[in-house]
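Below is one structure; the comments refer to it alone.
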Amino acid sequence: DYSILDLDPGPRVPFRHVVEIARWTKDALDALGLHGALKTSGASGLHIYVPLPASTSYETSLLLAQVVATQVAEDHPKIATVERRLKARPAGTVYVDYLQNVAGKSVASVFSLRAQPAASVSMPLAWDELMDDLDPRDFTISTAVADVAKRATLWSTQLEKAVDLHSLTSSL
């Protein structure tokens, strides 16, 4: 019932590049009439969940993520890539990972506590929180508790925005 795009920065890539790519991904989704639910990964990246109707096939979900990720990487090749192999990725890029949708892959769920020194948390974000100075390290076990109820409502509201893919594909 959703597709995932995992924005994963390479070594020494500033987080503001992840933010830029998230904005471009939102633009690509908007252009297709789709909605994305945004959250921190709990580590160094961002996740964008694209809510889909429950009847959506696995293949369609994967293809949708691949199309969006590839479009973003082709439009912004200096800082975005879909190259999976670490050694083959251009330096300074963010991996727009659509392969998180492959069977058997795992992804940190919303509110997951991560094995990081500060016990970081994967937190839902509103799109207007996607600022250049956003720092995912601000969401820790110490800071997250106060926001859980508000952010749980935000997350569930964002995931309710599934689109009818049949009408979308017929209009393309």
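Each chain in the structure tokens gets a letter, A, B and so on, in the order shown; residues start at 1 in every chain, and ligands are counted from 1 in the order they appear.
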With the cut-off set at 9 Å and counting only C-alpha atoms, tabulate each residue of region 16-76 of chain A with an atom at most that distance from an atom of region 99-114 of chain A, showing the nearest atom pair and its distance in Å to one decimal, ordered by chain and increasing number, as a Markdown table.
| residue | atom | partner | partner_atom | distance |
| --- | --- | --- | --- | --- |
| A:Lys39 | CA | A:Val110 | CA | 7.3 |
| A:Thr40 | CA | A:Val110 | CA | 8.4 |
| A:Ser41 | CA | A:Ala108 | CA | 6.4 |
| A:Gly42 | CA | A:Arg114 | CA | 5.9 |
| A:Ala43 | CA | A:Arg114 | CA | 7.0 |
| A:His47 | CA | A:Val107 | CA | 9.0 |
| A:Tyr58 | CA | A:Asn101 | CA | 8.3 |
| A:Ser61 | CA | A:Asn101 | CA | 7.5 |
| A:Leu62 | CA | A:Asn101 | CA | 5.7 |
| A:Ala65 | CA | A:Asn101 | CA | 7.9 |
| A:Gln66 | CA | A:Leu99 | CA | 7.7 |
Contact table region 25-72 of chain A vs region 144-155 of chain A, cut-off 12 Å, shortest pair per residue, only C-alpha atoms, as a tab-separated table:
residue	atom	partner	partner_atom	distance
A:Gly36	CA	A:Trp155	CA	10.5
A:Ala37	CA	A:Trp155	CA	7.0
A:Leu38	CA	A:Trp155	CA	8.2
A:Lys39	CA	A:Trp155	CA	8.5
A:Thr40	CA	A:Trp155	CA	11.8
A:Gly42	CA	A:Ala144	CA	11.2
A:Ile48	CA	A:Trp155	CA	11.3
A:Tyr49	CA	A:Trp155	CA	10.0
A:Val50	CA	A:Trp155	CA	11.8
A:Pro51	CA	A:Trp155	CA	11.0
Can I get the selection written as a PDB file, in the first residue's frame, with N, CA and C atoms?
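Okay, this is what ended up in part_16.pdb:
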ATOM      1  N   GLY A  36       3.677  12.347  -1.280  1.00  0.00           N
ATOM      2  CA  GLY A  36       4.708  11.674  -0.505  1.00  0.00           C
ATOM      3  C   GLY A  36       4.601  12.028   0.959  1.00  0.00           C
ATOM      4  N   ALA A  37       4.804  11.026   1.803  1.00  0.00           N
ATOM      5  CA  ALA A  37       4.867  11.230   3.249  1.00  0.00           C
ATOM      6  C   ALA A  37       6.343  11.198   3.630  1.00  0.00           C
ATOM      7  N   LEU A  38       6.801  12.240   4.289  1.00  0.00           N
ATOM      8  CA  LEU A  38       8.219  12.444   4.566  1.00  0.00           C
ATOM      9  C   LEU A  38       8.556  12.095   6.003  1.00  0.00           C
ATOM     10  N   LYS A  39       9.744  11.475   6.192  1.00  0.00           N
ATOM     11  CA  LYS A  39      10.241  11.247   7.550  1.00  0.00           C
ATOM     12  C   LYS A  39      11.754  11.154   7.519  1.00  0.00           C
ATOM     13  N   THR A  40      12.356  11.400   8.665  1.00  0.00           N
ATOM     14  CA  THR A  40      13.786  11.154   8.765  1.00  0.00           C
ATOM     15  C   THR A  40      13.978   9.643   8.794  1.00  0.00           C
ATOM     16  N   GLY A  42      16.154   8.293  10.668  1.00  0.00           N
ATOM     17  CA  GLY A  42      16.672   7.984  11.990  1.00  0.00           C
ATOM     18  C   GLY A  42      18.184   7.896  11.969  1.00  0.00           C
ATOM     19  N   ILE A  48      10.850   8.844   1.849  1.00  0.00           N
ATOM     20  CA  ILE A  48       9.592   9.353   1.310  1.00  0.00           C
ATOM     21  C   ILE A  48       8.726   8.142   0.976  1.00  0.00           C
ATOM     22  N   TYR A  49       7.597   8.040   1.665  1.00  0.00           N
ATOM     23  CA  TYR A  49       6.633   6.977   1.412  1.00  0.00           C
ATOM     24  C   TYR A  49       5.579   7.538   0.471  1.00  0.00           C
ATOM     25  N   VAL A  50       5.253   6.789  -0.554  1.00  0.00           N
ATOM     26  CA  VAL A  50       4.217   7.194  -1.506  1.00  0.00           C
ATOM     27  C   VAL A  50       3.024   6.269  -1.276  1.00  0.00           C
ATOM     28  N   PRO A  51       1.958   6.786  -0.657  1.00  0.00           N
ATOM     29  CA  PRO A  51       0.802   5.930  -0.396  1.00  0.00           C
ATOM     30  C   PRO A  51       0.111   5.516  -1.690  1.00  0.00           C
TER      31      PRO A  51
END
Practice problem: Going by DSSP on the backbone, which bits of region 11-40 of chain A are alpha helix (DSSP H)? Write them as a PyMOL selection string, please. | Solution: chain A and resi 15-31
Using only all heavy atoms, please write the residues we just selected to a file, as a tab-separated table (two decimals), in the first residue's frame.
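out-v3.tsv written:
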chain	number	residue	atom	x	y	z
A	15	PHE	N	23.93	17.48	4.57
A	15	PHE	CA	22.52	17.09	4.66
A	15	PHE	C	21.64	18.01	3.82
A	15	PHE	O	20.59	17.60	3.34
A	15	PHE	CB	22.04	17.06	6.12
A	15	PHE	CG	20.71	16.39	6.25
A	15	PHE	CD1	20.59	15.02	6.11
A	15	PHE	CD2	19.57	17.14	6.48
A	15	PHE	CE1	19.35	14.40	6.20
A	15	PHE	CE2	18.33	16.52	6.58
A	15	PHE	CZ	18.23	15.16	6.43
A	16	ARG	N	22.07	19.23	3.58
A	16	ARG	CA	21.26	20.13	2.74
A	16	ARG	C	21.07	19.57	1.34
A	16	ARG	O	20.08	19.87	0.67
A	16	ARG	CB	21.81	21.54	2.73
A	16	ARG	CG	23.15	21.74	2.12
A	16	ARG	CD	23.58	23.22	2.15
A	16	ARG	NE	24.96	23.50	2.04
A	16	ARG	CZ	25.81	23.05	1.12
A	16	ARG	NH1	25.40	22.24	0.19
A	16	ARG	NH2	27.08	23.40	1.09
A	17	HIS	N	22.00	18.72	0.87
A	17	HIS	CA	21.81	18.08	-0.43
A	17	HIS	C	20.68	17.04	-0.36
A	17	HIS	O	19.93	16.88	-1.33
A	17	HIS	CB	23.11	17.43	-0.91
A	17	HIS	CG	24.13	18.41	-1.36
A	17	HIS	ND1	25.35	18.05	-1.87
A	17	HIS	CD2	24.13	19.78	-1.39
A	17	HIS	CE1	26.05	19.12	-2.18
A	17	HIS	NE2	25.32	20.19	-1.89
A	18	VAL	N	20.58	16.35	0.74
A	18	VAL	CA	19.47	15.41	0.94
A	18	VAL	C	18.16	16.19	0.92
A	18	VAL	O	17.17	15.76	0.31
A	18	VAL	CB	19.63	14.62	2.26
A	18	VAL	CG1	18.48	13.65	2.45
A	18	VAL	CG2	20.97	13.89	2.30
A	19	VAL	N	18.14	17.33	1.58
A	19	VAL	CA	16.96	18.20	1.61
A	19	VAL	C	16.58	18.64	0.20
A	19	VAL	O	15.42	18.57	-0.20
A	19	VAL	CB	17.19	19.41	2.54
A	19	VAL	CG1	16.11	20.46	2.38
A	19	VAL	CG2	17.29	18.95	4.00
A	20	GLU	N	17.58	19.06	-0.58
A	20	GLU	CA	17.31	19.48	-1.97
A	20	GLU	C	16.69	18.34	-2.78
A	20	GLU	O	15.73	18.54	-3.52
A	20	GLU	CB	18.60	19.92	-2.66
A	20	GLU	CG	19.07	21.30	-2.32
A	20	GLU	CD	20.32	21.65	-3.12
A	20	GLU	OE1	21.41	21.17	-2.74
A	20	GLU	OE2	20.18	22.39	-4.11
A	21	ILE	N	17.26	17.16	-2.64
A	21	ILE	CA	16.76	16.02	-3.40
A	21	ILE	C	15.36	15.65	-2.95
A	21	ILE	O	14.51	15.28	-3.77
A	21	ILE	CB	17.75	14.84	-3.33
A	21	ILE	CG1	19.00	15.23	-4.12
A	21	ILE	CG2	17.13	13.56	-3.87
A	21	ILE	CD1	20.15	14.30	-3.98
A	22	ALA	N	15.08	15.78	-1.66
A	22	ALA	CA	13.71	15.53	-1.18
A	22	ALA	C	12.74	16.51	-1.83
A	22	ALA	O	11.64	16.12	-2.24
A	22	ALA	CB	13.67	15.62	0.34
A	23	ARG	N	13.13	17.76	-1.93
A	23	ARG	CA	12.26	18.75	-2.59
A	23	ARG	C	12.02	18.39	-4.05
A	23	ARG	O	10.90	18.48	-4.56
A	23	ARG	CB	12.88	20.14	-2.50
A	23	ARG	CG	12.86	20.74	-1.12
A	23	ARG	CD	13.49	22.12	-1.14
A	23	ARG	NE	13.59	22.68	0.18
A	23	ARG	CZ	14.68	23.27	0.67
A	23	ARG	NH1	15.77	23.39	-0.08
A	23	ARG	NH2	14.68	23.75	1.89
A	24	TRP	N	13.10	17.99	-4.75
A	24	TRP	CA	12.97	17.61	-6.16
A	24	TRP	C	12.12	16.36	-6.31
A	24	TRP	O	11.37	16.22	-7.28
A	24	TRP	CB	14.34	17.41	-6.79
A	24	TRP	CG	15.16	18.66	-6.88
A	24	TRP	CD1	14.70	19.95	-7.06
A	24	TRP	CD2	16.57	18.76	-6.80
A	24	TRP	NE1	15.76	20.83	-7.09
A	24	TRP	CE2	16.92	20.13	-6.94
A	24	TRP	CE3	17.59	17.82	-6.63
A	24	TRP	CZ2	18.24	20.57	-6.91
A	24	TRP	CZ3	18.91	18.27	-6.60
A	24	TRP	CH2	19.22	19.63	-6.73
A	25	THR	N	12.24	15.46	-5.35
A	25	THR	CA	11.41	14.25	-5.39
A	25	THR	C	9.95	14.61	-5.19
A	25	THR	O	9.07	14.09	-5.88
A	25	THR	CB	11.88	13.24	-4.32
A	25	THR	OG1	13.26	12.93	-4.55
A	25	THR	CG2	11.05	11.97	-4.35
A	26	LYS	N	9.69	15.52	-4.27
A	26	LYS	CA	8.31	15.98	-4.07
A	26	LYS	C	7.78	16.62	-5.35
A	26	LYS	O	6.64	16.37	-5.75
A	26	LYS	CB	8.22	16.98	-2.92
A	26	LYS	CG	6.79	17.45	-2.66
A	26	LYS	CD	6.73	18.48	-1.56
A	26	LYS	CE	5.31	18.88	-1.20
A	26	LYS	NZ	4.43	19.22	-2.31
A	27	ASP	N	8.61	17.42	-6.01
A	27	ASP	CA	8.20	18.03	-7.29
A	27	ASP	C	7.85	16.97	-8.33
A	27	ASP	O	6.85	17.09	-9.05
A	27	ASP	CB	9.29	18.95	-7.84
A	27	ASP	CG	9.50	20.21	-7.01
A	27	ASP	OD1	8.63	20.56	-6.18
A	27	ASP	OD2	10.56	20.86	-7.21
A	28	ALA	N	8.68	15.92	-8.41
A	28	ALA	CA	8.43	14.84	-9.37
A	28	ALA	C	7.13	14.11	-9.02
A	28	ALA	O	6.34	13.78	-9.92
A	28	ALA	CB	9.60	13.86	-9.39
A	29	LEU	N	6.88	13.88	-7.74
A	29	LEU	CA	5.63	13.23	-7.32
A	29	LEU	C	4.44	14.13	-7.62
A	29	LEU	O	3.42	13.67	-8.13
A	29	LEU	CB	5.68	12.89	-5.83
A	29	LEU	CG	6.67	11.80	-5.42
A	29	LEU	CD1	6.79	11.73	-3.91
A	29	LEU	CD2	6.27	10.45	-6.00
A	30	ASP	N	4.57	15.42	-7.29
A	30	ASP	CA	3.48	16.36	-7.57
A	30	ASP	C	3.14	16.39	-9.05
A	30	ASP	O	1.97	16.42	-9.43
A	30	ASP	CB	3.86	17.78	-7.12
A	30	ASP	CG	3.90	17.97	-5.62
A	30	ASP	OD1	3.41	17.07	-4.88
A	30	ASP	OD2	4.42	19.01	-5.17
A	31	ALA	N	4.17	16.36	-9.91
A	31	ALA	CA	3.95	16.39	-11.35
A	31	ALA	C	3.16	15.17	-11.83
A	31	ALA	O	2.44	15.23	-12.83
A	31	ALA	CB	5.27	16.48	-12.10
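Here CA of Ala126 (chain A) is placed at a distance of 19.1 Å from CA of Asp8 (chain A).
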Quiz item: Residues of region 36-99 of chain A in strand (DSSP E or B) according to DSSP, as an MDAnalysis selection string?
Solution: chainID A and resid 37:40 46:51 80:81 94:97
Quiz prompt | Pick from A:Ser3, A:Thr81, A:Ser44, A:Thr93, whichever lies nearest to Ser57 (chain A) using only C-alpha atoms | solution = A:Ser3
Practice problem: Give the answer as one residue: which of A:Asp135, A:Leu32, A:Ala88, A:Pro9 has the shortest atom-to-atom distance to Val68 (chain A), using only C-alpha atoms? | Solution: A:Leu32
